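Engineer: Got coords_22.pdb for you, PDB, C-alpha atoms:
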```pdb
ATOM      1  CA  MET R 212      36.683  50.903 111.632
ATOM      2  CA  ASN R 213      40.106  51.950 112.890
ATOM      3  CA  PRO R 214      41.832  53.747 109.952
ATOM      4  CA  GLU R 215      45.329  52.902 111.202
ATOM      5  CA  PRO R 216      47.087  50.688 108.624
ATOM      6  CA  LEU R 217      47.565  47.058 109.491
ATOM      7  CA  SER R 218      51.252  46.239 109.747
ATOM      8  CA  PRO R 219      53.199  43.176 110.882
ATOM      9  CA  ALA R 220      54.219  45.116 113.984
ATOM     10  CA  ASN R 221      50.645  45.860 115.108
ATOM     11  CA  THR R 222      48.805  42.738 113.912
ATOM     12  CA  THR R 223      48.369  39.166 115.086
ATOM     13  CA  VAL R 224      47.002  36.678 112.563
ATOM     14  CA  VAL R 225      44.804  34.020 114.204
ATOM     15  CA  LEU R 226      44.082  30.730 112.425
ATOM     16  CA  VAL R 227      41.148  28.783 113.866
ATOM     17  CA  ASP R 228      40.265  25.101 113.377
ATOM     18  CA  TYR R 229      41.397  24.355 109.827
ATOM     19  CA  ALA R 230      40.911  20.657 110.549
ATOM     20  CA  VAL R 231      40.887  17.977 107.852
ATOM     21  CA  GLY R 232      37.701  16.429 109.224
ATOM     22  CA  PHE R 233      35.758  19.610 108.558
ATOM     23  CA  ALA R 234      37.055  20.291 105.060
ATOM     24  CA  ASN R 235      34.653  18.099 103.080
ATOM     25  CA  LEU R 236      31.665  19.563 104.937
ATOM     26  CA  LEU R 237      32.303  23.055 103.593
ATOM     27  CA  ARG R 238      29.923  24.297 100.896
ATOM     28  CA  SER R 239      30.324  28.077 100.999
ATOM     29  CA  HIS R 240      33.586  28.027  99.017
ATOM     30  CA  ASN R 241      35.371  25.788  96.540
ATOM     31  CA  LEU R 242      37.657  23.571  98.612
ATOM     32  CA  THR R 243      40.736  23.957  96.403
ATOM     33  CA  GLU R 244      40.440  27.750  96.422
ATOM     34  CA  HIS R 245      39.736  27.716 100.152
ATOM     35  CA  ILE R 246      42.885  25.754 100.990
ATOM     36  CA  ASN R 247      44.935  27.950  98.651
ATOM     37  CA  ASN R 248      43.687  31.085 100.437
ATOM     38  CA  VAL R 249      44.348  29.599 103.870
ATOM     39  CA  VAL R 250      47.913  28.749 102.885
ATOM     40  CA  GLY R 251      48.334  32.254 101.426
ATOM     41  CA  LEU R 252      47.183  33.779 104.715
ATOM     42  CA  ALA R 253      49.597  31.618 106.712
ATOM     43  CA  LYS R 254      52.492  32.532 104.420
ATOM     44  CA  THR R 255      51.591  36.213 104.782
ATOM     45  CA  ALA R 256      51.893  35.983 108.564
ATOM     46  CA  LYS R 257      55.106  33.947 108.446
ATOM     47  CA  TRP R 258      56.944  35.886 105.729
ATOM     48  CA  TYR R 259      56.109  39.359 106.997
ATOM     49  CA  GLY R 260      56.686  38.390 110.621
ATOM     50  CA  SER R 261      53.386  39.452 112.121
ATOM     51  CA  GLY R 262      52.099  37.909 115.296
ATOM     52  CA  LEU R 263      50.682  34.433 114.667
ATOM     53  CA  VAL R 264      48.519  32.199 116.853
ATOM     54  CA  VAL R 265      47.207  28.885 115.538
ATOM     55  CA  THR R 266      44.555  26.819 117.258
ATOM     56  CA  ASN R 267      42.632  23.616 116.579
ATOM     57  CA  GLY R 268      40.460  21.163 118.420
ATOM     58  CA  GLU R 269      42.044  18.041 119.836
ATOM     59  CA  SER R 270      43.704  16.246 116.921
ATOM     60  CA  SER R 271      42.726  12.845 118.354
ATOM     61  CA  LYS R 272      39.042  13.650 117.740
ATOM     62  CA  PRO R 273      37.281  12.952 114.405
ATOM     63  CA  SER R 274      37.938  16.492 113.202
ATOM     64  CA  GLY R 275      41.613  15.556 113.136
ATOM     65  CA  PRO R 276      44.739  17.664 112.592
ATOM     66  CA  LEU R 277      45.177  20.772 110.475
ATOM     67  CA  TYR R 278      45.252  20.683 106.679
ATOM     68  CA  PRO R 279      48.602  19.175 105.607
ATOM     69  CA  GLU R 280      49.183  22.059 103.180
ATOM     70  CA  LEU R 281      48.740  24.491 106.071
ATOM     71  CA  LEU R 282      51.057  22.539 108.361
ATOM     72  CA  GLU R 283      53.737  22.654 105.677
ATOM     73  CA  ALA R 284      53.422  26.437 105.411
ATOM     74  CA  LEU R 285      53.476  26.830 109.204
ATOM     75  CA  GLY R 286      56.668  24.853 109.751
ATOM     76  CA  ASP R 287      57.474  24.669 113.468
ATOM     77  CA  GLN R 288      54.693  27.060 114.497
ATOM     78  CA  PRO R 289      52.992  25.741 117.691
ATOM     79  CA  VAL R 290      49.345  24.664 117.432
ATOM     80  CA  ILE R 291      47.233  25.283 120.531
ATOM     81  CA  GLU R 292      44.741  22.458 121.037
ATOM     82  CA  ARG R 293      41.422  23.377 122.651
ATOM     83  CA  ALA R 294      38.671  21.219 124.063
ATOM     84  CA  VAL R 295      35.170  22.303 123.024
ATOM     85  CA  ASP R 296      35.097  26.089 123.280
ATOM     86  CA  PHE R 297      33.633  27.859 120.231
ATOM     87  CA  ASN R 298      35.084  31.096 121.572
ATOM     88  CA  SER R 299      38.797  30.350 121.564
ATOM     89  CA  PHE R 300      39.358  33.063 124.184
ATOM     90  CA  LEU R 301      37.659  30.822 126.742
ATOM     91  CA  ASP R 302      40.739  28.616 126.495
ATOM     92  CA  GLU R 303      43.408  30.186 128.709
ATOM     93  CA  SER R 304      46.345  28.870 126.709
ATOM     94  CA  PHE R 305      44.949  30.501 123.557
ATOM     95  CA  ALA R 306      44.084  33.768 125.300
ATOM     96  CA  ASP R 307      47.540  33.914 126.881
ATOM     97  CA  ALA R 308      49.210  33.300 123.506
ATOM     98  CA  VAL R 309      47.300  36.160 121.877
ATOM     99  CA  ARG R 310      48.025  38.507 124.769
ATOM    100  CA  ALA R 311      51.713  37.577 124.649
ATOM    101  CA  GLU R 312      51.933  38.817 121.053
ATOM    102  CA  GLY R 313      51.193  42.313 122.389
ATOM    103  CA  ARG R 314      49.552  43.635 119.223
ATOM    104  CA  PRO R 315      46.255  45.592 119.159
ATOM    105  CA  ASN R 316      44.879  44.200 115.871
ATOM    106  CA  LEU R 317      43.614  40.671 115.285
ATOM    107  CA  VAL R 318      43.075  39.234 111.812
ATOM    108  CA  ILE R 319      41.095  35.999 112.126
ATOM    109  CA  GLY R 320      40.487  33.257 109.579
ATOM    110  CA  GLY R 321      39.085  29.804 110.153
ATOM    111  CA  ILE R 322      36.150  27.448 110.040
ATOM    112  CA  ALA R 323      33.332  27.543 110.486
ATOM    113  CA  THR R 324      32.609  31.216 109.843
ATOM    114  CA  ASP R 325      29.325  30.998 111.756
ATOM    115  CA  GLY R 326      30.834  28.928 114.577
ATOM    116  CA  CYS R 327      34.317  29.231 116.025
ATOM    117  CA  VAL R 328      35.336  32.159 113.808
ATOM    118  CA  LEU R 329      32.294  34.216 114.779
ATOM    119  CA  GLN R 330      32.574  33.466 118.485
ATOM    120  CA  THR R 331      36.356  33.963 118.604
ATOM    121  CA  ALA R 332      36.029  37.283 116.758
ATOM    122  CA  LEU R 333      33.364  38.479 119.195
ATOM    123  CA  GLY R 334      35.569  37.244 122.029
ATOM    124  CA  GLY R 335      38.411  39.351 120.637
ATOM    125  CA  LEU R 336      36.174  42.423 120.682
ATOM    126  CA  ARG R 337      35.357  41.776 124.342
ATOM    127  CA  GLU R 338      39.085  41.556 125.036
ATOM    128  CA  GLY R 339      39.526  45.040 123.566
ATOM    129  CA  TYR R 340      41.175  44.165 120.238
ATOM    130  CA  ASN R 341      40.510  45.716 116.839
ATOM    131  CA  VAL R 342      39.210  42.613 115.077
ATOM    132  CA  HIS R 343      39.225  41.747 111.368
ATOM    133  CA  VAL R 344      37.915  38.583 109.716
ATOM    134  CA  VAL R 345      39.458  37.126 106.559
ATOM    135  CA  VAL R 346      36.327  36.364 104.573
ATOM    136  CA  ASP R 347      37.984  34.449 101.722
ATOM    137  CA  ALA R 348      40.014  32.260 104.083
ATOM    138  CA  SER R 349      36.988  31.324 106.184
ATOM    139  CA  ALA R 350      34.154  28.984 105.219
ATOM    140  CA  SER R 351      30.942  27.326 106.409
ATOM    141  CA  LEU R 352      28.482  24.578 105.551
ATOM    142  CA  SER R 353      26.540  26.956 103.288
ATOM    143  CA  ARG R 354      27.053  30.318 101.642
ATOM    144  CA  GLU R 355      24.060  31.632 103.565
ATOM    145  CA  ALA R 356      25.641  30.657 106.884
ATOM    146  CA  HIS R 357      28.962  32.252 105.903
ATOM    147  CA  ASP R 358      27.370  35.495 104.676
ATOM    148  CA  ALA R 359      25.090  35.829 107.701
ATOM    149  CA  ALA R 360      28.050  35.404 110.050
ATOM    150  CA  VAL R 361      30.114  38.000 108.170
ATOM    151  CA  GLN R 362      27.166  40.414 108.293
ATOM    152  CA  ARG R 363      26.728  39.881 112.030
ATOM    153  CA  MET R 364      30.429  40.453 112.654
ATOM    154  CA  ALA R 365      30.436  43.612 110.542
ATOM    155  CA  GLN R 366      27.459  44.961 112.463
ATOM    156  CA  ALA R 367      29.343  44.275 115.696
ATOM    157  CA  GLY R 368      32.304  46.348 114.483
ATOM    158  CA  ILE R 369      34.518  43.623 113.029
ATOM    159  CA  THR R 370      36.148  44.571 109.719
ATOM    160  CA  PRO R 371      36.031  42.114 106.774
ATOM    161  CA  VAL R 372      39.273  41.756 104.790
ATOM    162  CA  THR R 373      40.722  39.362 102.214
ATOM    163  CA  TRP R 374      44.023  37.582 102.663
ATOM    164  CA  PHE R 375      45.820  39.144  99.678
ATOM    165  CA  SER R 376      44.651  42.636 100.627
ATOM    166  CA  LEU R 377      46.261  42.003 104.016
ATOM    167  CA  ALA R 378      49.525  41.068 102.276
ATOM    168  CA  ALA R 379      49.324  44.264 100.208
ATOM    169  CA  GLU R 380      48.777  46.331 103.347
ATOM    170  CA  PHE R 381      51.723  44.662 105.073
ATOM    171  CA  GLN R 382      53.842  45.432 101.997
ATOM    172  CA  LEU R 383      53.098  49.158 102.491
ATOM    173  CA  ASP R 384      55.075  49.075 105.723
ATOM    174  CA  PRO R 385      58.378  50.847 104.921
ATOM    175  CA  THR R 386      60.279  47.828 106.211
ATOM    176  CA  PHE R 387      58.882  45.736 103.350
ATOM    177  CA  HIS R 388      58.725  48.186 100.425
ATOM    178  CA  ASN R 389      61.403  46.289  98.521
ATOM    179  CA  ALA R 390      60.673  42.832  99.887
ATOM    180  CA  PRO R 391      59.736  40.113  97.350
ATOM    181  CA  HIS R 392      56.987  38.685  99.561
ATOM    182  CA  ARG R 393      53.911  40.024  97.755
ATOM    183  CA  LEU R 394      55.210  39.080  94.315
ATOM    184  CA  ARG R 395      56.043  35.608  95.574
ATOM    185  CA  LEU R 396      52.585  35.263  97.125
ATOM    186  CA  MET R 397      51.088  36.366  93.830
ATOM    187  CA  GLN R 398      53.061  33.749  91.929
ATOM    188  CA  GLU R 399      52.312  30.923  94.356
ATOM    189  CA  ASN R 400      48.793  31.633  95.583
ATOM    190  CA  VAL R 401      47.104  34.065  93.167
ATOM    191  CA  PRO R 402      47.543  32.217  89.849
ATOM    192  CA  ALA R 403      45.526  34.652  87.717
ATOM    193  CA  MET R 404      47.566  37.637  88.885
ATOM    194  CA  GLY R 405      50.750  35.612  88.532
ATOM    195  CA  MET R 406      49.919  34.848  84.913
ATOM    196  CA  SER R 407      49.093  38.500  84.253
ATOM    197  CA  ALA R 408      52.469  39.520  85.671
ATOM    198  CA  ARG R 409      54.225  37.009  83.409
ATOM    199  CA  SER R 410      52.268  38.306  80.414
ATOM    200  CA  PHE R 411      53.270  41.887  81.228
ATOM    201  CA  LEU R 412      56.937  40.987  81.657
ATOM    202  CA  ASN R 413      56.861  39.043  78.404
ATOM    203  CA  ALA R 414      55.400  42.058  76.580
ATOM    204  CA  VAL R 415      58.108  44.290  78.054
ATOM    205  CA  GLU R 416      60.798  41.868  76.895
ATOM    206  CA  LEU R 417      59.341  41.696  73.389
ATOM    207  CA  GLY R 418      59.240  45.499  73.283
ATOM    208  CA  LYS R 419      62.905  45.683  74.237
ATOM    209  CA  ARG R 420      63.818  43.210  71.496
ATOM    210  CA  ALA R 421      61.832  45.164  68.912
ATOM    211  CA  THR R 422      63.550  48.403  69.924
ATOM    212  CA  THR R 423      66.970  46.766  69.718
ATOM    213  CA  ALA R 424      66.216  45.269  66.287
ATOM    214  CA  SER R 425      65.154  48.624  64.882
TER     215      SER R 425
END
```
As a first step, turn the structure in this file into structure tokens.
Structural biologist:
Amino acid sequence: MNPEPLSPANTTVVLVDYAVGFANLLRSHNLTEHINNVVGLAKTAKWYGSGLVVTNGESSKPSGPLYPELLEALGDQPVIERAVDFNSFLDESFADAVRAEGRPNLVIGGIATDGCVLQTALGGLREGYNVHVVVDASASLSREAHDAAVQRMAQAGITPVTWFSLAAEFQLDPTFHNAPHRLRLMQENVPAMGMSARSFLNAVELGKRATTAS
């Protein structure tokens, strides 16, 4: 693993095949949590200004377009449509888009973990990138399939990460020390942590009132 911190300046986030037609086939993760994590990952790339490349199969096919929640988060971000290649790097328009970002680190999330994510991640290694896979924003038809793919990628030298840990690492970049991005992500896409933060702030406020009253 390369110990250099991931930063928006040295990282391209790659989103692979989050198509509506695949969503109900996924069994490795709860669908609501999965979509929430995917949207959180997309927001992380957009808000921190990392490189971002989004790809999907042809939207006219049964797999269909990207998740509507993801499209909303992406805004006017282009979506590169591929034909049938499991390894997205075999599509020249995708490969050119990643190269154009000019960043050495790839952080890949998508579906299925044991299909297009696995093959695209291995393709990124062959291209010379430091590759990471976002394990909680990727999913497969079974937990076994997901876990086996993650294990294979790790053995090949691909680093597993989670989407919110990526946001935290981006926040460490001096450019973003005082940015509200991570707190906003916490509030919008990590409900448990958001509630904990509200509880803490409430306790602080109550403490201030008690001090004033005394």
Engineer: CA of Gly321 (chain R) to CA of Asn267 (chain R): how many Å, to one decimal?
Structural biologist: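 Those two atoms sit 9.6 Å apart.
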Engineer: Tell me which of R:Gly262, R:Ala365, R:Val225, R:Asp384 sits closest to Gly335 (chain R), counting only C-alpha atoms.
Structural biologist: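 Closest candidate: R:Val225.
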Engineer: Which neighbours of Ala230 (chain R) fall inside 10 Å, counting only C-alpha atoms, when residues of the same chain fewer than 2 positions from it are skipped, and could you give them as a ChimeraX atom specification?
Structural biologist: /R:227-228,232-234,266-270,273-279,281,321-322
Engineer: Which of these residues is nearest to Cys327 (chain R), using only C-alpha atoms: R:Ala421, R:Ala284, R:Ala253, R:Val344?
Structural biologist: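 That would be R:Val344, the residue with the smallest distance to Cys327 (chain R).
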Engineer: I need the residue set behind the PyMOL selection byres ((chain R and resi 370-381) around 7) for this file; please write it as a PyMOL selection string.
Structural biologist: chain R and resi 212+217-219+248+251-252+255+342-348+365+368-369+382-384+393
Engineer: Give me the residues within 9 Å of Val264 (chain R) as a compact mmCIF listing (two decimals) with C-alpha atoms, in the coordinates of the input, counting all atoms listed in the file and dropping any in the same chain fewer than 2 places off.
Structural biologist:
```
# COMPACT_ATOMS: atom_id res chain seq x y z
CA THR R 223 48.37 39.17 115.09
CA VAL R 224 47.00 36.68 112.56
CA VAL R 225 44.80 34.02 114.20
CA LEU R 226 44.08 30.73 112.42
CA VAL R 227 41.15 28.78 113.87
CA GLY R 262 52.10 37.91 115.30
CA THR R 266 44.56 26.82 117.26
CA GLN R 288 54.69 27.06 114.50
CA PRO R 289 52.99 25.74 117.69
CA VAL R 290 49.34 24.66 117.43
CA ILE R 291 47.23 25.28 120.53
CA PHE R 305 44.95 30.50 123.56
CA ALA R 308 49.21 33.30 123.51
CA VAL R 309 47.30 36.16 121.88
CA GLU R 312 51.93 38.82 121.05
```
Engineer: CA of Leu396 (chain R) to CA of Leu352 (chain R): how many Å, to one decimal?
Structural biologist: 27.7 Å
Engineer: Quick one: residues within 7 Å of Asn341 (chain R), all atoms listed in the file counted, chain neighbours fewer than 5 positions away excluded, as a list in words?
Structural biologist: Pro315, Asn316, Leu317 and Leu336 of chain R
Engineer: Please identify all polymer residues lying at most 10 Å from the point (32.4, 35.7, 120.0) (file coordinates), using all atoms listed in the file, and present the result as a list in words.
Structural biologist: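 Output: Phe297, Asn298, Ser299, Phe300, Leu301, Asp325, Gly326, Cys327, Val328, Leu329, Gln330, Thr331, Ala332, Leu333, Gly334, Gly335, Leu336, Arg337 and Met364 of chain R.
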Engineer: Could you put an axis-aligned box around every listed atom of region 304-321 of chain R, padded by 4 Å on each side, and send me its centre and edge lengths in Å to one decimal, as AutoDock Vina command-line options?
Structural biologist:
```
--center_x 45.5 --center_y 37.2 --center_z 118.2 --size_x 20.8 --size_y 24.7 --size_z 25.3
```
Engineer: Enter the distance from CA of Asn235 (chain R) to CA of Val401 (chain R), in Å, rounded to one decimal.
Structural biologist: 22.5 Å
Engineer: I need the residue set behind the PyMOL selection byres ((chain R and resi 357) around 10) for this file; please write it as a PyMOL selection string.
Structural biologist: chain R and resi 238-240+322-326+329+346+349-356+358-362
Engineer: Given only C-alpha atoms as the basis, pick out the residue of R:Ala367, R:Leu263, R:Leu236, R:Ile246 nearest to Leu285 (chain R).
Structural biologist: R:Leu263
